[in-house]
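Engineer: Supplied in structure tokens, the structure appears directly below.
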Amino acid sequence: MRSCVSLLALTLALGARTLLKADSKPEGLYSQPIRIGLCDDKRLCEVSGLVPITGLERCYWVHNDSGDKPRILGIRETGEVIADIRVRAAATDWEDIAKGPGPKSSSDARAPTCLFVADTGNNDRTRQELVVWRFREPELPKALASPDAAMQEAAFDTEPATGLRFRYPGKARDCEAMIVHPETGQIYLLTKEILGGTVFRIEGSLAGIQNKLQTAEEVCGIGRTMITAADLSTDGKKLLVRTYLEVQLYLLPVGKPFEEIFTQPKINLPTSLLEVQGESICFDSDESVVTVSEANPRLIHRISPLRPGR
């Protein structure tokens, strides 16, 4: 994110934070954020996406914003890099990463776990065709999760990524937030707008869609300003939305269809004022929330669910 755009965005976000206080629900569901790490590796220059690594506790896949080569980096929660993986794809302006099911094949007993990377940044609204890259999640040795591991960081190439090409109906849009439904594999894109975003849907796991240019379907408005990241719980019932200065939680009512989650009242979770340009967020395996700031000092925070008696 360029400095002039960021300054304008932060000014607007500060105003929006004041105006939207009445919409907050201080439920006391989560603790205050605790600093757990720092992205001080030079390769972690503008972390813009974050998702847990399958099988490695408190480790995460991250990627940078525009300007980096097509790669994902594995990090521990403290910020140390444990993997530098080249993705066999292209990178124009990567903005978010999510985990979801890939298409089933005759040899798969179940759908493989894939990573989805949103190449959907469009600050000047000149890109008419965008793409979400899908590829099987790389497997890393479990020993890399330990800070005492003597192993060198992993470095290899992914399988060729599948490009899920799409365009928006009508005008071009900027998007920095994406989620993938854990069962249907449908991709939801939350656009970044000054006066409130819009949710669009494209197919992500159906066989044969890689050769087609999809037109994204509008789902609903989300009414939140300057959305920079999002994540969905593994059961599809909790949605995190990140703006520059807020962490918002949305809960799906029992028995309601999934897409109603976007229209629920928001619950503001505690955030750190040191994350002045928060652009990455994810649920961890214990349902705690992890956030990373794109701007210096590029801190990593954890917000934990409160347990009875705490």
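Numbering starts fresh at 1 for the residues of each chain in the structure tokens, the chains themselves are lettered A, B, ... in the order given, and ligands are numbered from 1 as they appear.
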May I have the residues within 7 Å of stretch 71-83 of chain A as a compact mmCIF listing (two decimals) with N, CA and C atoms, in the first residue's frame, using only C-alpha atoms and disregarding those fewer than 4 positions away in the same chain?
Structural biologist:
# COMPACT_ATOMS: atom_id res chain seq x y z
N ILE A 36 3.16 -11.21 20.45
CA ILE A 36 3.83 -12.52 20.47
C ILE A 36 5.04 -12.58 19.55
N GLY A 37 5.16 -11.62 18.62
CA GLY A 37 6.27 -11.71 17.70
C GLY A 37 6.50 -10.43 16.93
N LEU A 38 7.52 -10.49 16.08
CA LEU A 38 7.92 -9.33 15.27
C LEU A 38 8.43 -9.84 13.93
N CYS A 39 7.94 -9.25 12.86
CA CYS A 39 8.40 -9.61 11.51
C CYS A 39 9.62 -8.77 11.16
N ARG A 58 0.91 -23.14 15.90
CA ARG A 58 1.36 -21.76 16.02
C ARG A 58 2.41 -21.38 14.97
N CYS A 59 2.18 -21.88 13.77
CA CYS A 59 2.97 -21.49 12.60
C CYS A 59 2.01 -21.07 11.50
N TYR A 60 2.48 -20.17 10.60
CA TYR A 60 1.56 -19.55 9.66
C TYR A 60 2.21 -19.35 8.29
N TRP A 61 1.36 -19.47 7.26
CA TRP A 61 1.76 -19.05 5.92
C TRP A 61 1.47 -17.55 5.81
N VAL A 62 2.41 -16.81 5.26
CA VAL A 62 2.20 -15.39 4.99
C VAL A 62 2.70 -15.08 3.58
N HIS A 63 2.28 -13.95 3.08
CA HIS A 63 2.82 -13.45 1.81
C HIS A 63 2.87 -11.93 1.87
N VAL A 87 5.76 -20.20 -5.35
CA VAL A 87 4.48 -20.63 -5.91
C VAL A 87 4.56 -20.52 -7.44
N LEU A 144 9.93 -28.28 12.27
CA LEU A 144 10.16 -26.85 12.03
C LEU A 144 9.37 -25.96 12.97
N ALA A 145 8.32 -26.51 13.58
CA ALA A 145 7.51 -25.70 14.50
C ALA A 145 8.26 -25.37 15.78
N GLU A 153 15.61 -23.93 7.09
CA GLU A 153 14.27 -23.63 6.61
C GLU A 153 13.99 -24.37 5.30
N ALA A 154 12.75 -24.72 5.10
CA ALA A 154 12.34 -25.44 3.89
C ALA A 154 12.33 -24.47 2.70
N ALA A 155 12.69 -25.00 1.53
CA ALA A 155 12.69 -24.18 0.31
C ALA A 155 12.46 -25.10 -0.88
Engineer: Excluding same-chain residues fewer than 2 positions from stretch 236-243 of chain A, what lies within 8 Å of it counting only C-alpha atoms, as a ChimeraX atom specification?
Structural biologist: /A:13,181-182,225-234,245-252,258,261,278-283
Engineer: Residues of the last selection are to be written out with C-alpha atoms, as a CSV table (one decimal), in the first residue's frame.
Structural biologist:
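Result file is again.csv:
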chain,number,residue,atom,x,y,z
A,13,ALA,CA,-10.6,4.8,9.3
A,181,HIS,CA,-16.1,-21.7,2.5
A,182,PRO,CA,-14.7,-24.9,4.1
A,225,THR,CA,-15.1,1.0,5.5
A,226,MET,CA,-11.7,0.1,4.1
A,227,ILE,CA,-11.7,-3.7,4.7
A,228,THR,CA,-8.1,-5.0,4.5
A,229,ALA,CA,-8.4,-8.7,5.4
A,230,ALA,CA,-10.8,-11.4,6.5
A,231,ASP,CA,-10.9,-15.0,7.7
A,232,LEU,CA,-13.5,-17.7,8.4
A,233,SER,CA,-13.5,-20.3,11.1
A,234,THR,CA,-13.1,-23.9,10.1
A,245,LEU,CA,-8.0,0.0,13.1
A,246,GLU,CA,-10.6,-2.6,13.9
A,247,VAL,CA,-11.0,-6.3,14.3
A,248,GLN,CA,-14.7,-7.3,13.7
A,249,LEU,CA,-16.4,-10.6,14.5
A,250,TYR,CA,-19.6,-11.8,12.9
A,251,LEU,CA,-21.5,-14.8,14.1
A,252,LEU,CA,-23.8,-16.9,11.9
A,258,PHE,CA,-24.1,-19.1,5.4
A,261,ILE,CA,-23.2,-14.0,8.2
A,278,GLY,CA,-3.4,-3.9,10.1
A,279,GLU,CA,-3.7,-5.9,6.9
A,280,SER,CA,-3.5,-9.6,8.0
A,281,ILE,CA,-5.7,-11.7,10.3
A,282,CYS,CA,-6.6,-15.3,10.9
A,283,PHE,CA,-8.2,-17.7,13.3
Engineer: Within stretch 1-247 of chain A, find each residue whose DSSP state, derived from the backbone, is strand (DSSP E or B), and express the selection as a ChimeraX atom specification.
Structural biologist: /A:30,34-38,47-52,59-64,71-76,81-88,96-101,113-119,130-136,154,157-160,162-167,175-180,187-191,198-202,214-215,217-221,227-232,238-243,247
Engineer: Applying 10 Å and only C-alpha atoms, which residues near A:Thr92 remain after dropping the ones on its own chain fewer than 3 positions away? List them as a list in words.
Structural biologist: Asp65, Ser66, Gly67, Asp68, Lys69, Pro70, Glu95, Asp119, Thr120, Gly121, Asn122, Leu130 and Val131 of chain A
Engineer: Store the residues of this selection in a file with N, CA and C atoms, as an mmCIF file, in the first residue's frame.
Structural biologist:
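Final output, again_5.cif:
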data_model
loop_
_atom_site.group_PDB
_atom_site.id
_atom_site.type_symbol
_atom_site.label_atom_id
_atom_site.label_comp_id
_atom_site.auth_asym_id
_atom_site.auth_seq_id
_atom_site.Cartn_x
_atom_site.Cartn_y
_atom_site.Cartn_z
ATOM 1 N N ASP A 65 2.650 -7.984 0.056
ATOM 2 C CA ASP A 65 1.832 -7.195 -0.851
ATOM 3 C C ASP A 65 2.537 -7.108 -2.209
ATOM 4 N N SER A 66 2.112 -6.184 -3.053
ATOM 5 C CA SER A 66 2.687 -6.043 -4.390
ATOM 6 C C SER A 66 4.183 -5.746 -4.314
ATOM 7 N N GLY A 67 4.919 -6.198 -5.310
ATOM 8 C CA GLY A 67 6.355 -5.947 -5.381
ATOM 9 C C GLY A 67 7.202 -7.151 -5.076
ATOM 10 N N ASP A 68 6.631 -8.196 -4.492
ATOM 11 C CA ASP A 68 7.392 -9.403 -4.198
ATOM 12 C C ASP A 68 7.181 -10.413 -5.319
ATOM 13 N N LYS A 69 8.045 -11.425 -5.352
ATOM 14 C CA LYS A 69 7.869 -12.512 -6.302
ATOM 15 C C LYS A 69 6.779 -13.448 -5.802
ATOM 16 N N PRO A 70 6.279 -14.367 -6.653
ATOM 17 C CA PRO A 70 5.216 -15.275 -6.210
ATOM 18 C C PRO A 70 5.754 -16.311 -5.222
ATOM 19 N N GLU A 95 -3.057 -9.965 -2.120
ATOM 20 C CA GLU A 95 -3.656 -9.246 -1.007
ATOM 21 C C GLU A 95 -4.115 -10.117 0.158
ATOM 22 N N ASP A 119 -4.958 -12.513 -5.919
ATOM 23 C CA ASP A 119 -4.233 -11.481 -6.660
ATOM 24 C C ASP A 119 -5.276 -10.470 -7.128
ATOM 25 N N THR A 120 -5.772 -9.696 -6.172
ATOM 26 C CA THR A 120 -6.949 -8.859 -6.413
ATOM 27 C C THR A 120 -6.737 -7.393 -6.064
ATOM 28 N N GLY A 121 -5.504 -7.015 -5.741
ATOM 29 C CA GLY A 121 -5.235 -5.612 -5.472
ATOM 30 C C GLY A 121 -5.441 -4.780 -6.731
ATOM 31 N N ASN A 122 -6.086 -3.631 -6.582
ATOM 32 C CA ASN A 122 -6.458 -2.828 -7.759
ATOM 33 C C ASN A 122 -6.639 -1.378 -7.331
ATOM 34 N N LEU A 130 -9.033 -10.230 -12.887
ATOM 35 C CA LEU A 130 -8.240 -10.564 -11.708
ATOM 36 C C LEU A 130 -8.184 -12.073 -11.557
ATOM 37 N N VAL A 131 -7.443 -12.541 -10.555
ATOM 38 C CA VAL A 131 -7.261 -13.985 -10.431
ATOM 39 C C VAL A 131 -7.057 -14.376 -8.975
#
Engineer: Go through A:Lys171, A:Lys99, A:Lys142, A:Arg136 one by one, measure the shortest atom-to-atom distance of each to A:Asp157 using only C-alpha atoms, and give the residue with the smallest value.
Structural biologist: A:Arg136
Engineer: Which distance in Å separates atom CA of A:Thr198 and atom CA of A:Glu218, to one decimal?
Structural biologist: 7.4 Å
Engineer: If you measure from atom CA of A:Arg86 to atom CA of A:Glu137, what distance in Å do you get, rounded to one decimal?
Structural biologist: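 Atom-to-atom, atom CA of A:Arg86 and atom CA of A:Glu137 are spaced 12.1 Å apart.
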Engineer: Neighbours of A:Glu294 within 9 Å (only C-alpha atoms; same-chain residues fewer than 5 positions away dropped), as a list of chain:residue names?
Structural biologist: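 In the requested format, the answer is A:Met1, A:Leu44, A:Cys45, A:Glu46, A:Val47, A:Ser48, A:Asn64, A:Asp65, A:Glu275, A:Val276, A:Gln277, A:Gly278, A:Glu279, A:Ser280, A:Leu299.
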Engineer: Please write the residues from the selection above to a file, keeping N, CA and C atoms, as an mmCIF file, in the first residue's frame.
Structural biologist:
data_model
loop_
_atom_site.group_PDB
_atom_site.id
_atom_site.type_symbol
_atom_site.label_atom_id
_atom_site.label_comp_id
_atom_site.auth_asym_id
_atom_site.auth_seq_id
_atom_site.Cartn_x
_atom_site.Cartn_y
_atom_site.Cartn_z
ATOM 1 N N MET A 1 0.837 -1.177 0.000
ATOM 2 C CA MET A 1 0.000 0.000 0.000
ATOM 3 C C MET A 1 0.873 1.229 0.000
ATOM 4 N N LEU A 44 10.011 -10.266 5.066
ATOM 5 C CA LEU A 44 8.663 -9.973 5.535
ATOM 6 C C LEU A 44 8.447 -8.463 5.494
ATOM 7 N N CYS A 45 8.499 -7.912 4.296
ATOM 8 C CA CYS A 45 8.515 -6.454 4.159
ATOM 9 C C CYS A 45 7.127 -5.829 4.235
ATOM 10 N N GLU A 46 6.098 -6.497 3.697
ATOM 11 C CA GLU A 46 4.727 -5.962 3.733
ATOM 12 C C GLU A 46 3.747 -7.130 3.828
ATOM 13 N N VAL A 47 3.681 -7.736 5.000
ATOM 14 C CA VAL A 47 2.831 -8.914 5.155
ATOM 15 C C VAL A 47 1.368 -8.527 4.937
ATOM 16 N N SER A 48 0.735 -9.210 3.984
ATOM 17 C CA SER A 48 -0.622 -8.847 3.596
ATOM 18 C C SER A 48 -1.597 -10.004 3.685
ATOM 19 N N ASN A 64 3.632 -11.351 0.974
ATOM 20 C CA ASN A 64 3.762 -9.902 0.930
ATOM 21 C C ASN A 64 2.766 -9.294 -0.044
ATOM 22 N N ASP A 65 2.650 -7.984 0.056
ATOM 23 C CA ASP A 65 1.832 -7.195 -0.851
ATOM 24 C C ASP A 65 2.537 -7.108 -2.209
ATOM 25 N N GLU A 275 -0.822 -1.366 15.838
ATOM 26 C CA GLU A 275 -1.078 -1.875 14.485
ATOM 27 C C GLU A 275 -1.834 -0.812 13.700
ATOM 28 N N VAL A 276 -1.110 0.211 13.278
ATOM 29 C CA VAL A 276 -1.753 1.337 12.609
ATOM 30 C C VAL A 276 -2.120 1.016 11.161
ATOM 31 N N GLN A 277 -1.612 -0.071 10.622
ATOM 32 C CA GLN A 277 -1.949 -0.469 9.258
ATOM 33 C C GLN A 277 -2.141 -1.993 9.235
ATOM 34 N N GLY A 278 -3.136 -2.445 9.989
ATOM 35 C CA GLY A 278 -3.376 -3.878 10.075
ATOM 36 C C GLY A 278 -3.936 -4.426 8.774
ATOM 37 N N GLU A 279 -3.249 -5.399 8.179
ATOM 38 C CA GLU A 279 -3.702 -5.940 6.900
ATOM 39 C C GLU A 279 -3.710 -7.464 6.864
ATOM 40 N N SER A 280 -3.519 -8.117 8.017
ATOM 41 C CA SER A 280 -3.523 -9.580 8.037
ATOM 42 C C SER A 280 -4.227 -10.067 9.291
ATOM 43 N N LEU A 299 4.357 -5.772 13.964
ATOM 44 C CA LEU A 299 4.170 -6.608 15.146
ATOM 45 C C LEU A 299 3.156 -7.715 14.881
#
Engineer: Residues within 12 Å of A:Asp286, please, as a compact mmCIF listing (two decimals) with N, CA and C atoms, in the first residue's frame. Count only C-alpha atoms; anything in the same chain fewer than 6 positions from it doesn't count.
Structural biologist:
# COMPACT_ATOMS: atom_id res chain seq x y z
N PRO A 52 -3.06 -20.27 9.15
CA PRO A 52 -2.28 -21.29 9.87
C PRO A 52 -1.75 -22.37 8.92
N GLU A 57 1.69 -26.39 14.89
CA GLU A 57 1.02 -25.53 15.86
C GLU A 57 1.71 -24.18 15.95
N ARG A 58 0.91 -23.14 15.90
CA ARG A 58 1.36 -21.76 16.02
C ARG A 58 2.41 -21.38 14.97
N SER A 233 -13.84 -19.16 10.28
CA SER A 233 -13.52 -20.30 11.13
C SER A 233 -13.70 -21.59 10.36
N THR A 234 -13.10 -22.66 10.85
CA THR A 234 -13.11 -23.93 10.12
C THR A 234 -14.51 -24.53 10.03
N ARG A 302 -1.74 -11.66 19.39
CA ARG A 302 -2.74 -12.71 19.57
C ARG A 302 -3.83 -12.19 20.50
N ILE A 303 -5.10 -12.44 20.10
CA ILE A 303 -6.27 -12.11 20.92
C ILE A 303 -6.94 -13.43 21.25
N SER A 304 -6.99 -13.80 22.53
CA SER A 304 -7.45 -15.13 22.93
C SER A 304 -8.88 -15.09 23.44
N PRO A 305 -9.67 -16.13 23.15
CA PRO A 305 -11.03 -16.20 23.70
C PRO A 305 -10.97 -16.38 25.21
N LEU A 306 -11.84 -15.66 25.90
CA LEU A 306 -11.86 -15.76 27.35
C LEU A 306 -12.56 -17.02 27.79
N ARG A 307 -11.99 -17.72 28.73
CA ARG A 307 -12.56 -18.94 29.28
C ARG A 307 -13.31 -18.62 30.58
Engineer: Atom CA of A:Arg173 and atom CA of A:Ile194, how far apart in Å?
Structural biologist: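 Interatomic distance, atom CA of A:Ile194 to atom CA of A:Arg173: 11.7 Å.
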